[in-house]
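Next comes upload35.txt, a file with compact mmCIF, C-alpha atoms.
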# COMPACT_ATOMS: atom_id res chain seq x y z
CA MET A 1 56.80 10.22 -15.38
CA LYS A 2 53.43 10.58 -17.11
CA LYS A 3 52.70 6.89 -16.55
CA ILE A 4 53.44 7.23 -12.83
CA PHE A 5 51.20 10.31 -12.60
CA LEU A 6 48.34 8.56 -14.42
CA PHE A 7 48.74 5.53 -12.17
CA MET A 8 48.49 7.75 -9.08
CA LEU A 9 45.35 9.41 -10.44
CA LEU A 10 43.76 6.03 -11.06
CA CYS A 11 44.60 4.94 -7.52
CA VAL A 12 43.05 8.09 -6.06
CA ALA A 13 39.94 7.72 -8.23
CA SER A 14 39.58 4.08 -7.22
CA ALA A 15 39.94 4.97 -3.57
CA CYS A 16 37.26 7.67 -3.86
CA ALA A 17 34.93 5.31 -5.68
CA ALA A 18 35.54 2.63 -3.07
CA GLY A 19 34.72 5.12 -0.31
CA GLU A 20 31.28 5.89 -1.72
CA VAL A 21 28.41 4.03 -0.12
CA ALA A 22 25.89 2.57 -2.56
CA VAL A 23 22.36 3.02 -1.22
CA LEU A 24 20.26 -0.07 -1.85
CA THR A 25 16.59 0.50 -2.77
CA GLU A 26 13.63 -1.57 -3.97
CA THR A 27 15.30 -1.82 -7.39
CA PRO A 28 17.43 -5.00 -7.66
CA VAL A 29 21.17 -4.59 -8.28
CA ALA A 30 23.47 -7.27 -9.66
CA GLU A 31 25.92 -7.03 -6.74
CA PHE A 32 25.69 -5.25 -3.40
CA ALA A 33 28.59 -5.23 -0.94
CA LEU A 34 27.83 -5.12 2.79
CA PRO A 35 30.08 -3.22 5.24
CA ASP A 36 31.82 -6.50 6.18
CA GLY A 37 32.68 -7.17 2.54
CA LYS A 38 30.04 -9.83 1.91
CA VAL A 39 28.59 -9.50 -1.60
CA LEU A 40 24.90 -10.17 -2.26
CA LYS A 41 23.72 -11.09 -5.75
CA ASN A 42 20.57 -9.49 -7.25
CA ALA A 43 19.78 -7.75 -3.98
CA PHE A 44 16.94 -5.34 -3.22
CA VAL A 45 15.21 -3.88 -0.16
CA TRP A 46 12.09 -5.85 0.66
CA ARG A 47 11.17 -4.05 3.88
CA ARG A 48 12.52 -1.19 6.00
CA ASN A 49 11.75 -0.38 9.63
CA SER A 50 13.27 1.66 12.43
CA GLU A 51 15.92 -0.97 13.15
CA GLY A 52 17.20 -1.80 9.68
CA LEU A 53 16.65 -3.18 6.20
CA MET A 54 15.42 -6.61 5.19
CA ILE A 55 17.30 -7.41 1.98
CA VAL A 56 16.28 -10.19 -0.38
CA HIS A 57 18.95 -11.72 -2.65
CA ASP A 58 19.67 -14.87 -4.63
CA ASP A 59 20.76 -16.87 -1.59
CA GLY A 60 17.94 -15.80 0.72
CA GLN A 61 17.53 -12.83 3.05
CA GLU A 62 19.89 -10.54 4.95
CA PHE A 63 19.01 -8.06 7.71
CA LEU A 64 21.11 -4.88 7.68
CA ASN A 65 21.00 -3.60 11.25
CA PHE A 66 21.24 0.20 11.45
CA LYS A 67 22.95 0.18 14.84
CA LEU A 68 25.86 -1.83 13.42
CA LEU A 69 26.45 0.47 10.44
CA PRO A 70 29.57 2.64 10.15
CA ALA A 71 29.10 6.42 10.24
CA ASP A 72 29.32 6.83 6.44
CA TRP A 73 26.66 4.17 5.92
CA ARG A 74 24.39 5.88 8.44
CA SER A 75 24.74 9.16 6.57
CA ALA A 76 24.08 7.49 3.22
CA TYR A 77 20.82 6.02 4.53
CA GLY A 78 19.66 9.32 6.00
CA LEU A 79 20.52 8.50 9.61
CA ASP A 80 22.20 10.99 11.90
CA PRO A 81 24.73 9.20 14.14
CA SER A 82 24.63 12.07 16.64
CA GLU A 83 20.92 11.43 17.22
CA ALA A 84 21.27 7.70 17.77
CA PRO A 85 20.72 6.77 21.46
CA ALA A 86 23.24 4.81 23.47
CA ASN A 87 21.40 1.52 22.98
CA GLY A 88 21.93 1.81 19.23
CA LYS A 89 18.26 1.99 18.24
CA VAL A 90 17.11 4.65 15.83
CA GLU A 91 14.87 7.18 17.56
CA ARG A 92 11.51 7.82 15.96
CA ARG A 93 8.74 10.32 16.40
CA HIS A 94 5.54 9.13 17.99
CA ASP A 95 3.37 7.83 15.16
CA GLN A 96 0.37 9.96 16.09
CA TYR A 97 -1.71 9.01 13.06
CA LEU A 98 -0.38 5.44 12.66
CA ILE A 99 0.97 6.19 9.21
CA TYR A 100 4.48 4.71 9.39
CA PRO A 101 3.37 1.34 7.94
CA ILE A 102 1.61 3.23 5.15
CA LEU A 103 4.71 5.34 4.43
CA MET A 104 6.66 2.16 3.75
CA LYS A 105 4.28 1.42 0.88
CA LEU A 106 4.59 4.80 -0.86
CA LYS A 107 6.08 3.99 -4.24
CA GLY A 108 9.01 6.27 -5.03
CA LEU A 109 9.57 7.53 -1.48
CA SER A 110 13.33 7.35 -0.99
CA PRO A 111 14.84 5.47 1.97
CA GLU A 112 16.35 8.76 3.10
CA SER A 113 12.91 10.38 3.10
CA TYR A 114 11.33 7.53 5.03
CA SER A 115 14.08 7.69 7.62
CA PHE A 116 13.73 11.46 7.88
CA TYR A 117 9.94 11.53 8.25
CA THR A 118 10.00 8.85 10.94
CA SER A 119 12.85 10.41 12.93
CA LYS A 120 13.00 13.15 15.56
CA ARG A 121 14.58 15.47 13.00
CA TYR A 122 11.21 15.88 11.30
CA LYS A 123 9.12 18.55 13.02
CA GLY A 124 5.82 18.07 11.17
CA ASP A 125 6.22 20.84 8.60
CA ALA A 126 5.06 18.61 5.74
CA ASP A 127 2.22 16.80 7.52
CA ASN A 128 -0.27 17.97 4.90
CA LEU A 129 1.75 16.12 2.24
CA LEU A 130 2.34 13.08 4.43
CA LEU A 131 -1.28 12.67 5.47
CA SER A 132 -2.61 13.26 1.96
CA GLY A 133 -0.15 10.74 0.53
CA CYS A 134 -1.13 8.16 3.13
CA ALA A 135 -4.81 8.80 2.42
CA LEU A 136 -4.23 8.04 -1.27
CA GLN A 137 -2.20 4.93 -0.44
CA SER A 138 -5.02 3.77 1.85
CA LEU A 139 -7.39 4.06 -1.10
CA LEU A 140 -5.12 1.81 -3.15
CA ASP A 141 -5.06 -0.63 -0.22
CA GLU A 142 -8.89 -0.50 -0.17
CA ASN A 143 -8.78 0.74 3.41
CA PHE A 144 -11.43 3.37 2.73
CA SER A 145 -12.22 4.15 6.36
CA LYS A 146 -8.55 4.97 6.99
CA ALA A 147 -8.41 7.12 3.85
CA LEU A 148 -11.50 9.04 4.92
CA ARG A 149 -10.16 9.62 8.42
CA LEU A 150 -6.78 10.89 7.18
CA ASN A 151 -8.52 13.16 4.70
CA GLU A 152 -10.65 14.59 7.50
CA ILE A 153 -7.53 15.27 9.56
CA VAL A 154 -5.99 17.16 6.63
CA ALA A 155 -9.16 19.26 6.30
CA GLU A 156 -9.16 20.02 10.03
CA ARG A 157 -5.47 20.86 10.34
CA PHE A 158 -4.91 22.57 7.00
CA PRO A 159 -8.20 24.26 6.01
CA ASP A 160 -6.43 26.77 3.76
CA ASP A 161 -4.54 24.17 1.70
CA GLY A 162 -7.58 22.79 -0.08
CA ARG A 163 -9.15 19.46 0.72
CA LEU A 164 -8.45 16.36 -1.34
CA GLU A 165 -11.86 15.35 -2.69
CA LEU A 166 -11.83 11.56 -2.49
CA LYS A 167 -15.16 11.29 -4.30
CA ASP A 168 -13.52 12.70 -7.43
CA LEU A 169 -11.27 9.64 -7.54
CA PHE A 170 -14.21 7.29 -8.05
CA SER A 171 -16.42 6.65 -11.06
CA VAL A 172 -19.82 4.99 -11.29
CA CYS A 173 -19.61 1.24 -11.79
CA GLU A 174 -20.74 0.51 -15.34
CA ARG A 175 -21.61 -3.09 -14.54
CA CYS A 176 -24.26 -2.30 -11.91
CA LYS A 177 -24.93 1.35 -12.89
CA GLY A 178 -23.99 2.49 -9.41
CA GLU A 179 -26.51 0.27 -7.63
CA GLY A 180 -23.97 -2.07 -6.06
CA ILE A 181 -26.20 -5.04 -6.88
CA ARG A 182 -27.07 -6.98 -10.01
CA THR A 183 -30.32 -8.73 -10.88
CA PHE A 184 -30.48 -12.03 -12.76
CA ALA A 185 -33.26 -14.39 -13.78
CA CYS A 186 -33.56 -17.11 -11.17
CA LYS A 187 -31.77 -20.21 -12.43
CA ALA A 188 -33.94 -22.55 -10.37
CA CYS A 189 -37.23 -21.50 -12.00
CA SER A 190 -35.83 -19.92 -15.19
CA GLY A 191 -37.41 -16.63 -14.17
CA SER A 192 -40.99 -17.92 -13.85
CA GLY A 193 -41.15 -17.60 -10.09
CA LYS A 194 -42.94 -20.96 -9.86
CA CYS A 195 -41.84 -23.96 -7.86
CA GLU A 196 -40.05 -26.33 -10.21
CA LYS A 197 -41.41 -29.41 -8.42
CA CYS A 198 -45.13 -28.60 -8.48
CA GLY A 199 -45.23 -26.09 -11.33
CA GLY A 200 -46.63 -23.41 -9.04
CA LYS A 201 -49.69 -25.42 -7.93
CA GLY A 202 -48.58 -26.09 -4.37
CA THR A 203 -49.46 -29.76 -4.77
CA ARG A 204 -48.01 -32.61 -6.78
CA ALA A 205 -48.74 -36.24 -7.54
CA ALA A 206 -47.54 -38.77 -5.01
CA ALA A 207 -44.81 -41.17 -6.05
CA LEU A 208 -46.91 -44.35 -5.59
CA ASN A 209 -50.22 -43.13 -7.02
CA ASP A 210 -51.86 -40.16 -8.62
CA GLU A 211 -53.09 -38.74 -5.34
CA LEU A 212 -52.23 -35.06 -4.93
CA VAL A 213 -50.07 -34.29 -1.93
CA HIS A 214 -48.75 -31.15 -0.35
CA CYS A 215 -45.57 -29.97 -2.12
CA THR A 216 -42.86 -30.10 0.51
CA PHE A 217 -40.37 -28.31 -1.74
CA CYS A 218 -42.27 -25.00 -1.70
CA ARG A 219 -44.34 -25.87 1.41
CA GLY A 220 -47.51 -25.56 -0.60
CA SER A 221 -46.96 -21.96 -1.68
CA GLY A 222 -46.29 -22.78 -5.31
CA LYS A 223 -43.48 -20.23 -5.29
CA CYS A 224 -39.89 -20.93 -6.17
CA PRO A 225 -38.06 -21.27 -2.83
CA LYS A 226 -34.88 -19.83 -4.34
CA CYS A 227 -36.30 -16.47 -5.40
CA GLY A 228 -39.48 -16.37 -3.31
CA GLY A 229 -41.63 -16.22 -6.44
CA SER A 230 -40.07 -13.05 -7.88
CA GLY A 231 -38.30 -14.89 -10.67
CA GLU A 232 -35.17 -12.86 -9.93
CA GLN A 233 -32.02 -13.28 -7.90
CA ILE A 234 -30.19 -10.24 -6.54
CA VAL A 235 -26.45 -10.54 -5.94
CA GLN A 236 -23.72 -8.14 -4.93
CA CYS A 237 -21.83 -6.65 -7.85
CA HIS A 238 -18.41 -8.29 -7.97
CA GLU A 239 -16.94 -5.49 -10.07
CA CYS A 240 -17.36 -2.79 -7.40
CA LYS A 241 -17.82 -5.15 -4.43
CA GLY A 242 -21.22 -3.67 -3.72
CA ARG A 243 -20.03 -0.07 -3.45
CA GLY A 244 -21.53 1.12 -6.73
CA LYS A 245 -18.31 2.99 -7.50
CA ILE A 246 -14.92 2.06 -8.95
CA LEU A 247 -11.66 3.59 -7.74
CA GLU A 248 -9.82 5.19 -10.65
CA GLN A 249 -6.36 3.93 -9.78
CA ASP A 250 -4.66 5.88 -12.57
CA LYS A 251 -5.86 9.15 -11.03
CA VAL A 252 -4.81 8.06 -7.56
CA ASN A 253 -1.35 6.95 -8.70
CA ALA A 254 -0.84 10.20 -10.62
CA GLN A 255 -1.68 12.36 -7.59
CA LEU A 256 0.32 10.11 -5.29
CA ALA A 257 3.40 10.39 -7.53
CA ILE A 258 3.22 14.20 -7.28
CA LEU A 259 2.97 14.09 -3.48
CA VAL A 260 5.86 11.63 -3.16
CA GLU A 261 8.01 13.83 -5.37
CA GLU A 262 7.24 16.81 -3.13
CA LEU A 263 8.02 14.76 -0.01
CA ASN A 264 11.40 13.72 -1.42
CA ALA A 265 12.15 17.32 -2.41
CA PHE A 266 11.22 18.58 1.07
CA GLN A 267 13.54 16.04 2.69
CA LYS A 268 16.45 16.98 0.42
CA ALA A 269 15.98 20.66 1.28
CA GLN A 270 16.45 20.01 5.00
Encoded form (structure tokens):
Amino acid sequence: MKKIFLFMLLCVASACAAGEVAVLTETPVAEFALPDGKVLKNAFVWRRNSEGLMIVHDDGQEFLNFKLLPADWRSAYGLDPSEAPANGKVERRHDQYLIYPILMKLKGLSPESYSFYTSKRYKGDADNLLLSGCALQSLLDENFSKALRLNEIVAERFPDDGRLELKDLFSVCERCKGEGIRTFACKACSGSGKCEKCGGKGTRAAALNDELVHCTFCRGSGKCPKCGGSGEQIVQCHECKGRGKILEQDKVNAQLAILVEELNAFQKAQ
């Protein structure tokens, strides 16, 4: 009798486990079963949009279309079947600030959160977090104009929340001392500023005789044509790309992680 009872418990437990939908994320899993039973090896989410997931696995790629998902799968991925239109496409809010592509890059933002913040269920109550997070991500993407614009929007819409000071996330470039340029001795004249062909005289001996002729290399100026006679060459600093400042990525990532955690918590509370 005990054996029969234990067997029944195991069957119930197995059935419950089988009924649970495993949510695939950016972290690879050894095996991932699709709704039709197909099993993907070492699968992970490469990209997510309003229509579905692009999954990369050992045998290639697989697109998981949201409109073909069963109800339990929709719920697991943060989709509300009751809000899905008749044509099967997932409804989204108008991307007023063009941040949806940036949201996809936020490290640690759960698929459920992304789906929530890009759906009609989201009413804009966490826009200060969303915009600030996208501003930080834009910094990491080196899209500084976008980061500045998003930061200005946050300051305009949420003046009482405190503005994210982007300048505090940069440090002075040590290589160029904040100048954005670097100065080197001219290689052509070794820093002398004189034309290497005529020695700075503006004339030189002709090839066939000792007659002095106009130096065509410096056009008679006697100055090095490479540096204009200064003996120096000025180039853009490669370290800071001419900006004079270096983005402190550790600071940005630390602040971004806090914002993403708050975004995930806000979504779970809804």
Which residues of segment 90-206 of chain A have any atom within 12 Å of an atom in segment 21-32 of chain A when counting all atoms listed in the file, and what is the closest pair of atoms for each, with the distance in Å to one decimal? Order the rows by chain and rising number and write it as JSON lines.
{"residue": "A:Met104", "atom": "CA", "partner": "A:Glu26", "partner_atom": "CA", "distance": 11.0}
{"residue": "A:Lys105", "atom": "CA", "partner": "A:Glu26", "partner_atom": "CA", "distance": 10.9}
{"residue": "A:Leu106", "atom": "CA", "partner": "A:Glu26", "partner_atom": "CA", "distance": 11.5}
{"residue": "A:Lys107", "atom": "CA", "partner": "A:Glu26", "partner_atom": "CA", "distance": 9.4}
{"residue": "A:Gly108", "atom": "CA", "partner": "A:Glu26", "partner_atom": "CA", "distance": 9.2}
{"residue": "A:Leu109", "atom": "CA", "partner": "A:Thr25", "partner_atom": "CA", "distance": 10.0}
{"residue": "A:Ser110", "atom": "CA", "partner": "A:Thr25", "partner_atom": "CA", "distance": 7.8}
{"residue": "A:Pro111", "atom": "CA", "partner": "A:Thr25", "partner_atom": "CA", "distance": 7.1}
{"residue": "A:Glu112", "atom": "CA", "partner": "A:Val23", "partner_atom": "CA", "distance": 9.4}
{"residue": "A:Tyr114", "atom": "CA", "partner": "A:Thr25", "partner_atom": "CA", "distance": 11.7}
Expected file: the selected residues, C-alpha atoms, as a tab-separated table (two decimals), keeping the file's coordinate frame:
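Listing of selection-v8.tsv after writing:
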chain	number	residue	atom	x	y	z
A	104	MET	CA	6.66	2.16	3.75
A	105	LYS	CA	4.28	1.42	0.88
A	106	LEU	CA	4.59	4.80	-0.86
A	107	LYS	CA	6.08	3.99	-4.24
A	108	GLY	CA	9.01	6.27	-5.03
A	109	LEU	CA	9.57	7.53	-1.48
A	110	SER	CA	13.33	7.35	-0.99
A	111	PRO	CA	14.84	5.47	1.97
A	112	GLU	CA	16.35	8.76	3.10
A	114	TYR	CA	11.33	7.53	5.03
With all atoms listed in the file as the atoms that count, which of A:Leu166, A:Phe266, A:Lys245, A:Cys215 lies nearest to Ser145 of chain A? A:Leu166
Any idea what the distance is between atom CA of Ser190 of chain A and atom CA of Cys224 of chain A?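 Between atom CA of Ser190 of chain A and atom CA of Cys224 of chain A the gap works out to 9.9 Å.
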What is the atom CA of Lys197 of chain A to atom CA of His214 of chain A distance in Å?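 Straight-line distance from atom CA of Lys197 of chain A to atom CA of His214 of chain A works out to 11.0 Å.
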Nearest to Gly124 of chain A, chosen from A:Lys268, A:Arg48, A:Asp161, A:Leu263, with all atoms listed in the file counted in the distances: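 Checking each of A:Lys268, A:Arg48, A:Asp161, A:Leu263 against Gly124 of chain A, counting all atoms listed in the file, the winner is A:Leu263.
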Using all atoms listed in the file, find the one residue out of A:Gly52, A:Pro159, A:Gly242, A:Pro101 that sits nearest to Arg175 of chain A. A:Gly242
Expressed in Å to a single decimal, how great is the separation between atom CA of Asn264 of chain A and atom CA of Ala71 of chain A?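 Answer for the atom CA of Asn264 of chain A to atom CA of Ala71 of chain A separation: 22.4 Å.
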Could you list, as a ChimeraX atom specification, every residue within 9 Å of segment 132-137 of chain A, counting all atoms listed in the file and ignoring same-chain residues fewer than 5 positions away? /A:99,102-103,105-106,127,142-144,146-151,154,164,166,252-253,255-257,259-260
Could you tell me which of A:Ala188, A:Leu98, A:Leu208, A:Ala76 comes closest to Ser230 of chain A if we count all atoms listed in the file? A:Ala188
Hey, can you pull every residue with an atom no more than 6 Å from (-22.5, -5.0, -9.5), using only C-alpha atoms, and send it as an MDAnalysis selection string? chainID A and resid 175:176 180:182 236:240
Write a file of the selected residues as a PDB file, in the coordinates of the input, keeping C-alpha atoms.
ATOM      1  CA  ARG A 175     -21.610  -3.090 -14.540  1.00  0.00           C
ATOM      2  CA  CYS A 176     -24.260  -2.300 -11.910  1.00  0.00           C
ATOM      3  CA  GLY A 180     -23.970  -2.070  -6.060  1.00  0.00           C
ATOM      4  CA  ILE A 181     -26.200  -5.040  -6.880  1.00  0.00           C
ATOM      5  CA  ARG A 182     -27.070  -6.980 -10.010  1.00  0.00           C
ATOM      6  CA  GLN A 236     -23.720  -8.140  -4.930  1.00  0.00           C
ATOM      7  CA  CYS A 237     -21.830  -6.650  -7.850  1.00  0.00           C
ATOM      8  CA  HIS A 238     -18.410  -8.290  -7.970  1.00  0.00           C
ATOM      9  CA  GLU A 239     -16.940  -5.490 -10.070  1.00  0.00           C
ATOM     10  CA  CYS A 240     -17.360  -2.790  -7.400  1.00  0.00           C
TER      11      CYS A 240
END
Here is a test: counting all atoms listed in the file, which residue of A:Asn65, A:Thr183, A:Ser192, A:Asn128 is nearest to Gly231 of chain A?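 Counting all atoms listed in the file, the residue closest to Gly231 of chain A is A:Ser192.
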At a cut-off of 10 Å, using all atoms listed in the file, what residues contact Lys201 of chain A? Leave out same-chain residues fewer than 6 positions from it and give the result as a ChimeraX atom specification. /A:194-195,214-215,218,220-223
Keeping only C-alpha atoms, take the residues you just selected and write them out as a PDB file, in the frame of the given file.
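And here's part-v1.pdb as it stands now:
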ATOM      1  CA  LYS A 194     -42.940 -20.960  -9.860  1.00  0.00           C
ATOM      2  CA  CYS A 195     -41.840 -23.960  -7.860  1.00  0.00           C
ATOM      3  CA  HIS A 214     -48.750 -31.150  -0.350  1.00  0.00           C
ATOM      4  CA  CYS A 215     -45.570 -29.970  -2.120  1.00  0.00           C
ATOM      5  CA  CYS A 218     -42.270 -25.000  -1.700  1.00  0.00           C
ATOM      6  CA  GLY A 220     -47.510 -25.560  -0.600  1.00  0.00           C
ATOM      7  CA  SER A 221     -46.960 -21.960  -1.680  1.00  0.00           C
ATOM      8  CA  GLY A 222     -46.290 -22.780  -5.310  1.00  0.00           C
ATOM      9  CA  LYS A 223     -43.480 -20.230  -5.290  1.00  0.00           C
TER      10      LYS A 223
END
